[in-house]
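*Asks:* Before anything else, here's the structure in question.
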Amino acid sequence: MTRILDVDNVTLRFGGLKAVSEVNLTLEAGELVGLIGPNGAGKTSIFNLLTGVYPPSSGRITFTRDGKQINLGRKRPHAICRAGVGRTFQNIRLFKQLTALENVEIALQQNNGYSLFTAFTHLPPFARREEEIRERSMELLHRVGLADKALTRARNLPYGDQRHLEIARALATEPTLLLLDEPAAGMNPNETAELTEMIGRLRSEFGLTVLLIEHDMALVMKICERIYVLDHGVVIAEGTPDEVRNNAKVIEAYLGEDVDV
Amino acid sequence: MEQLIQQLINGLALGSIYALIALGYTMIYGIIQLINFAHGDIFMVGAFVGYAGMTTLRLNFFASLALAIITCLLLGVLIERVAYKPLRKQTRLAVLITAIGMSFLLEYTMMYFVGPDPRAYPALPDFMRATIKITDNIVITGAQILILAVSITLMIALQLIVRYTRIGKAMRAVSQDPDAARLQGINVDTTISFTFAIGSALAGAAGVLVGVYYNSINPLMGILPGLKAFVAAVLGGIGIIPGALLGGFLIGGVETLVAGYGFSSWKDAVVFAILILILILKPSGLLGKNVKEKV
Amino acid sequence: GGGSGTAASGDTIKIGVNYELSGDVATYGQANVEGIEMATEEINNAGGIKGKKIELVKYDNKSTASEATTLATKLMTQDKVIAQIGPATSGAFKATIPVADKSKVPVVTGSATADDVTVDAQGKVQQYAFRTCFSDSYQGTAMAKYAREKKNAQSAVILTDNSSDYSKGLTASFEKTFTEAGGKVVSKQSYNKGDTDFNAILTAIRGQQFDMIYLPGYYSEAGLIIKQARAQGITQPIVGADGFDSPKLAELAGKDALTNVFFSNHYSSLSTDPAVQKFITDFKAKYNKEPDAFNALGYDTLKFVANGLQGGATTGADLEKALAATKDFQGVTGTISVDANHNAVKSVTVIEMRNGVQAAAEKFDA
Amino acid sequence: MFEIHDLQVRYGAIEALKGISLEVNEGEIVTLIGANGAGKTTTLRTSSGLERAYRGKIVLNGADITRAPAQSRVKKGLVQVPEGRRVFPKMSVLENLQLGAYLHHDKAKNTKTLEQVFQRFPRLADRRRQLAGTLSGGEQQMLAMGRALMNQPKVLLLDEPSMGLAPLLVKEIFSIIRAINEAGTTVLLVEQNAHMALQIAHRAYVIETGTIVLSGKASELADSDEVKQAYLGG
Amino acid sequence: MSTGEGASLITAPPKPVRNPLPRPAVLGITAAILLVVWGLGWLLISVGVLDAYVMSTLTTICINIILAVSLNLIVGFTGQLSLGHAGFMAIGAYTCALITMPFSSAFPDIEIVGFILGLIGGGLAAGVVGVAIGVPTLRLKGDYLAIATLGLAQIIMVVLQNLEITNGAAGLSGIPSYVDWNWLFLLTAGTILLVSNLLGSAQGRDIVAVREDEIAASAVGVNTTRVKILAFTVGGIFAGIAGGLYASSFYVIQPQQFSFMLSINILVIVVLGGLGSLTGSVLGAIVLGLVSTFLQSYPEIQMILYSLILVLLMLFRPQGLLGNREFSVRALGRILPIRTKKESKA
Ligand SMILES: Nc1ncnc2c1ncn2[C@@H]1O[C@H](COP(=O)(O)OP(=O)(O)OP(=O)(O)O)[C@@H](O)[C@H]1O
Ligand SMILES: Nc1ncnc2c1ncn2[C@@H]1O[C@H](COP(=O)(O)OP(=O)(O)OP(=O)(O)O)[C@@H](O)[C@H]1O
Ligand SMILES: [Mg+2]
Ligand SMILES: [Mg+2]
């Protein structure tokens, strides 16, 4: 196994508050790892650090792709994305006025674009490249079950479909590392079960490494190979689902006594 | 040195006027994020009502001031109800365009009735004409002190209202999330009307004070100070009440110093260049907090 | 080209009025039009021109040059006017001249004073453009001479309206003549149209030594400048130009402040000329206010065109010839002869303001 | 206590509610469950006056409030915790809570309510000076609940209060809801987490694309195959 | 989730029907429409319907169309409020005038080359300014950006007022005019075509993504700064060209003409036509042009009526005349009963 992500002693401060505190975290290629913890523990903040939304106050984040090490702490979000880190948002952030297809196309074309001249003139290879972009985007929509809603505006999609679209859009950036922030939030158990299955499938199809934030323990315990537990910005536990489930600190801070999972 | 001090006094007086208009601008912006282009013209109406009060109606200065304030208050609320309220759910730019329309409407309706010529305001009341000589070359007039005092007092009063009163909290709640405010039992329409009432009343007062101070009013007099006041509000951090005052002083000061040291033809360019520089360094204005959006 | 015989056929003569009725300089446009309408009424009441009444076709160019061009085209091609009066400002007026050339319809202004209005860049006269006002250099030169010769001013401060070509034109010619005649310009300051606070520039000049202030601007700002200057204790004479000529000047400056102020003008209300006095009385009767320079110039401009029409011109081209040949036309703003460059040759009157009223007037020929 | 009769709501051409009826009796917890986009939020928003009813009637304590403005409904004790928290982001936690008591002028009482809220949500007490916009998702949900409680509601409308909360907190929230109910507040609860909702509710309605398709005792619905299949994950 | 999962790898995804008309048909119809409009123009000119006055009005409308389309790119599509569009126009106008005037006296035989150079120079100069001032200011958001753009336009105006070469407040006059229907048509249609091509491309989607959600856009790899600079530069170039057209149509340019009010007027057209609708901008420019023309007959109350119309239009059509929809050949395809193979399959 090769290391794909190395979060080394990273801290994020907001004024006096340490949202993330000297966190160490590693991911091996192909893993599916969960990140759980109480509300406000700093999970989303870690995603924001990984994707360049906030620069770390201290510490180092190293991402490896094709043997090349990239320091994510100093890069802007779009550069990080192009380097191969895709994400979804806890509060859905789609391009609401645009169609599902366009949402995916925008992500996809970042690595498959064409020149400004072609854009202005629509001269060849315009039509061909557009066709390619569209076809690959449709393919992705199809994978998440949205092909028949390709031309629906994102804001008119049902909530669950919007979550799926976020995943498709993240996949379209051709990531090797995918960060999912509460993908099952607001879904009923049925939908969650479907989603769980889909994440597993997509991971193998696209050869992804996945870091997943989720409060739905059924989902987490079912598919995660390893879990980090965060509380007050600090990693309080790390291990397999079984280890974490039975960890006293985790039960106290997060799970509560009788979790029915 | 003396000249510098005198120029700073001049700048402070000019700045107070910008600040007075900017306060209303900032309040209205604060609540519905509208650049209320008609604000400068309400200021103009205030000046004319005060003028009519002192000449046609033969009222004294304070009665005319009160008349102007009340008229502008009503006018502001009326404009909001008629031209802005129906567009609450629309894009901000739609409202911006009606605001521009209202601005033209006020300007040219006034011009239709009074003509485009400037009018001289009735003579200053005595207390404003008094001058205080600090040295031979440093002089402050009563009018300057009055305008400075009024703008600072109003700024403090507004700040207190917004921070600590019930209606002030309601105003802030409405500005951040009108629907959620409704769910707390806040009457959003009343709150917005109230804000327009205060903002427009301030503009009315500023109109009379400026009329008295500069002795000249005309139907298009609101455009330039309106623009400058808007700039002042942004410079200070739009929506932030002390910011309006600070921005006003800063612009007044810069304008005066640049003009006073021989570059008056470049005055506006310098003001705007400084504005842009400050915004580049502090993208949400001097007092604005650059809160990163939480994602 | 348009400007065909239809302009003067029928029982009316159509004259276009292309003025700034809204926007930045609506003040000047509207004032001009007041004079024009009054003159038209007078002529029509007196039976018109050879039995034909004058019909004004009036448009608002909103103080923009491009709109002025469009409206000039409309007046000349659609309304088929025989002449256009206006616009008030040099830029907008210039923007109508190419249209006038194409349509062969004369355009006459009462207030576009820039030197290059009636001549083109090569110094060739613009065949269809006329004016009834002074050119900037004429007036600026006159006042520089006046200041040196009559007031014996050694040094001057100039305050220019930087947004107005009128003010800049006067500044240039005044400065040139004044320094050539041995005077010294100590300081030059500027302001913009619409400004109300001039304390900064006034404070800046207060400490300096100078004999006079030259203030070539319009009364709307000049009034405030005079007031604020006097309030700051600046007592030197202030000299201006015809832009001062308005009852508003005294209102804005305040009677006390408006002392030791001189300006060049076309005429004076003190003038004993019965035509001038009649104009003033009639104007007051019609508009319930004192006329200002723009009112008078508008009035004269229409009368000037009407005078040209007396010769029986039925086309724009005929009228152009008649206007170009005008000699000793008696207007209220002076006796106008048109020179080779289509400028109005008339003498300058220098008016002295004391305690807010015109105290003395003297003719001064530069 | 609170009734909806044949309510229809439209967003432009979209018919979000096609005529639904439901009632909540005094002292009850009634839950409204259904898939995404079924119209749950719309029902609540119309109830509290944020959307206009196209047709139908809303009745509170026997009084028709269909056309009453939002603030007067709050005054009558109908309080909603909106979907997506909707806290005032640029105000502190404390100010948010104070705004909850906007219509209540009894200072002493408000102070007491505030203490109760802090007891229920100790984390809010810790963060009382923090700007609400910078709270984490879960913290914001607590704040939204707390703010509603400051209003001393008679009928509390809750729109997905458990969304995005940690398991421990979900349980806590549901027990708080139960406690609030036991203290005398009538509750209409909209939930995706049908499991938990059906556990604490007395009665339940199931809504599908703008129509009520099932209703009954919560325990009965929880056992029904239809509901199990569609909403409880088999 | 309506599609069965197992099927995903076996069946190919269906193709969406986005263009009811095939590409050649779209091109053909577009070309035909353009040709007809161009020909109709000449026809009307030859029969005298389009007389000098109507042409002059048409020129104003065309210039406004170019300005509005280019501003809409910035405001309506990129979502960046700009209150300084007149500044770009001013630079274009002055550059064009300063190139054409000496050129026409130096090479009177090939004057028209000077005009072409002037237009190109005007567009480029405005574009360069767009980049130069855009880079530092584009990190500003919302109304802060708006005020910065307003300030930049104001600075440009002051500079023009004070420079020797621009002849200060008096401005430049005697600018030779070459604008005829061919030029108007070419520049207006060209602008619309190029901008709509841009918007219909990958870059166009990036632009709209920035408007919709900057954070999400950068999270999927869109370089938001680059996109904004692109929009400002392209918008600036076309505004500069409009300026050149203006200078050459109306003989005189002065700094005051490019004041804040002009920027506002362009914004009014954009919002009135519909933010994010190019054809809306075209329609907006035409409607406002006609309204102004109609109001010319009421000089005293022209502005009062104009402002009332503005307010009423916004109150009754707050989303603008066309909202964010486009009237396009493709849309035509949706209306017309033309069936294509793709569509019948779907
Ligand atoms: N922009 C910000 N400014 C100030 N504080 C912030 C900001 N963003 C996050 N925080 C604080 O950092 C802490 C961690 O927040 P974060 O959103 O990472 O939590 P989380 O673990 O994702 O919680 P949840 O499960 O509720 O989403 C919280 O206390 C939050 O209030
Ligand atoms: N503002 C709006 N404009 C247009 N359509 C809307 C609007 N709000 C909701 N809808 C539509 O109305 C229907 C019902 O939406 P609603 O939000 O009430 O569903 P919900 O049951 O609360 O779903 P969720 O579980 O996702 O919260 C949906 O089809 C939705 O797309
Ligand atoms: Mg989170
Ligand atoms: Mg909902």
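Scheme for the structure tokens: letters A, B, ... for chains in order shown; per-chain residue numbers from 1; ligand numbers from 1 in order shown.
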Kindly provide, as a list in words, the residues of chain B having any atom no farther than 6 Å from an atom of chain E, counting only C-alpha atoms.

*Replies:*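 Listing them in order of chain and number gives Ala94, Thr98, Gly101, Phe104, Leu105, Tyr108, Ala269, Phe272, Ile276 and Pro283 of chain B.
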
*Asks:* Near chain B, meaning an atom within 12 Å, which residues of chain A appear when counting only C-alpha atoms? Write them as a PyMOL selection string.

*Replies:* chain A and resi 14-15+43-49+51-55+87-93+181

*Asks:* Residues of stretch 11-78 of chain C classed as helix (DSSP H, G or I) by DSSP on the backbone are to be reported as a PyMOL selection string.

*Replies:* chain C and resi 26-45+65-78

*Asks:* Can you work out the spacing between atom CA of A:Leu230 and atom CA of D:Val81 in Å, to one decimal?

*Replies:* 28.3 Å

*Asks:* If we count only C-alpha atoms and set the cut-off at 9 Å, which residues sit around stretch 337-340 of chain C, ignoring sequence neighbours fewer than 4 positions away in its own chain? Please answer as a PyMOL selection string.

*Replies:* chain C and resi 125+130-132+323-329+344-346

*Asks:* Quick one: everything within 10 Å of stretch 90-96 of chain D, counting only C-alpha atoms, minus sequence neighbours fewer than 6 positions away in the same chain. Send it as a list in words.

*Replies:*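 Counting only C-alpha atoms, the residues come to Lys169, Arg172, Ala173, Ser175, Gln176, Gln184 and Val291 of chain B; Tyr102, Leu114, Leu124, Ala125, Asp126, Arg127, Arg128, Arg129, Gln130, Leu131, Ala132, Gly133, Thr134, Leu135, Glu139, Gln140, Leu143, Ala144, Gly146, Arg147, Ala148 and Met150 of chain D.
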
*Asks:* Write out as a PyMOL selection string the set of residues from stretch 3-144 of chain D that DSSP, computed on the backbone, places in strand (DSSP E or B).

*Replies:* chain D and resi 3-11+14-24+29-34+55-60+63-64+78-81+92+131

*Asks:* Would you write out those residues with C-alpha atoms, as a PDB file, in the first residue's frame?

*Replies:*
ATOM      1  CA  GLU D   3     -55.831  21.613  12.227  1.00  0.00           C
ATOM      2  CA  ILE D   4     -55.171  21.763   8.540  1.00  0.00           C
ATOM      3  CA  HIS D   5     -58.051  21.296   6.129  1.00  0.00           C
ATOM      4  CA  ASP D   6     -57.631  20.460   2.478  1.00  0.00           C
ATOM      5  CA  LEU D   7     -54.529  22.638   2.154  1.00  0.00           C
ATOM      6  CA  GLN D   8     -53.214  23.352  -1.306  1.00  0.00           C
ATOM      7  CA  VAL D   9     -49.994  25.215  -1.965  1.00  0.00           C
ATOM      8  CA  ARG D  10     -48.377  26.130  -5.251  1.00  0.00           C
ATOM      9  CA  TYR D  11     -44.966  27.409  -6.214  1.00  0.00           C
ATOM     10  CA  ILE D  14     -45.644  23.421  -9.207  1.00  0.00           C
ATOM     11  CA  GLU D  15     -48.334  21.995  -7.010  1.00  0.00           C
ATOM     12  CA  ALA D  16     -46.436  21.202  -3.827  1.00  0.00           C
ATOM     13  CA  LEU D  17     -49.457  20.323  -1.690  1.00  0.00           C
ATOM     14  CA  LYS D  18     -52.484  18.875  -3.352  1.00  0.00           C
ATOM     15  CA  GLY D  19     -55.001  19.201  -0.550  1.00  0.00           C
ATOM     16  CA  ILE D  20     -53.826  17.718   2.697  1.00  0.00           C
ATOM     17  CA  SER D  21     -55.669  17.542   5.995  1.00  0.00           C
ATOM     18  CA  LEU D  22     -54.289  16.749   9.385  1.00  0.00           C
ATOM     19  CA  GLU D  23     -54.889  17.595  12.984  1.00  0.00           C
ATOM     20  CA  VAL D  24     -52.835  17.739  16.139  1.00  0.00           C
ATOM     21  CA  ILE D  29     -46.733  14.640  19.400  1.00  0.00           C
ATOM     22  CA  VAL D  30     -47.755  14.080  15.827  1.00  0.00           C
ATOM     23  CA  THR D  31     -45.177  13.248  13.216  1.00  0.00           C
ATOM     24  CA  LEU D  32     -45.318  13.846   9.501  1.00  0.00           C
ATOM     25  CA  ILE D  33     -43.014  11.560   7.586  1.00  0.00           C
ATOM     26  CA  GLY D  34     -42.345  11.162   3.907  1.00  0.00           C
ATOM     27  CA  ARG D  55     -56.730  26.873  -0.992  1.00  0.00           C
ATOM     28  CA  GLY D  56     -57.777  25.296   2.276  1.00  0.00           C
ATOM     29  CA  LYS D  57     -57.827  26.285   5.903  1.00  0.00           C
ATOM     30  CA  ILE D  58     -55.467  26.374   8.854  1.00  0.00           C
ATOM     31  CA  VAL D  59     -57.019  26.471  12.306  1.00  0.00           C
ATOM     32  CA  LEU D  60     -55.339  27.095  15.633  1.00  0.00           C
ATOM     33  CA  ALA D  63     -59.484  30.290  15.169  1.00  0.00           C
ATOM     34  CA  ASP D  64     -58.946  30.443  11.432  1.00  0.00           C
ATOM     35  CA  LEU D  78     -47.468  28.602  17.007  1.00  0.00           C
ATOM     36  CA  VAL D  79     -43.693  28.435  16.722  1.00  0.00           C
ATOM     37  CA  GLN D  80     -41.574  26.782  14.062  1.00  0.00           C
ATOM     38  CA  VAL D  81     -38.025  25.532  14.047  1.00  0.00           C
ATOM     39  CA  SER D  92     -24.114  35.844  18.916  1.00  0.00           C
ATOM     40  CA  LEU D 131     -21.347  34.250  16.230  1.00  0.00           C
TER      41      LEU D 131
END
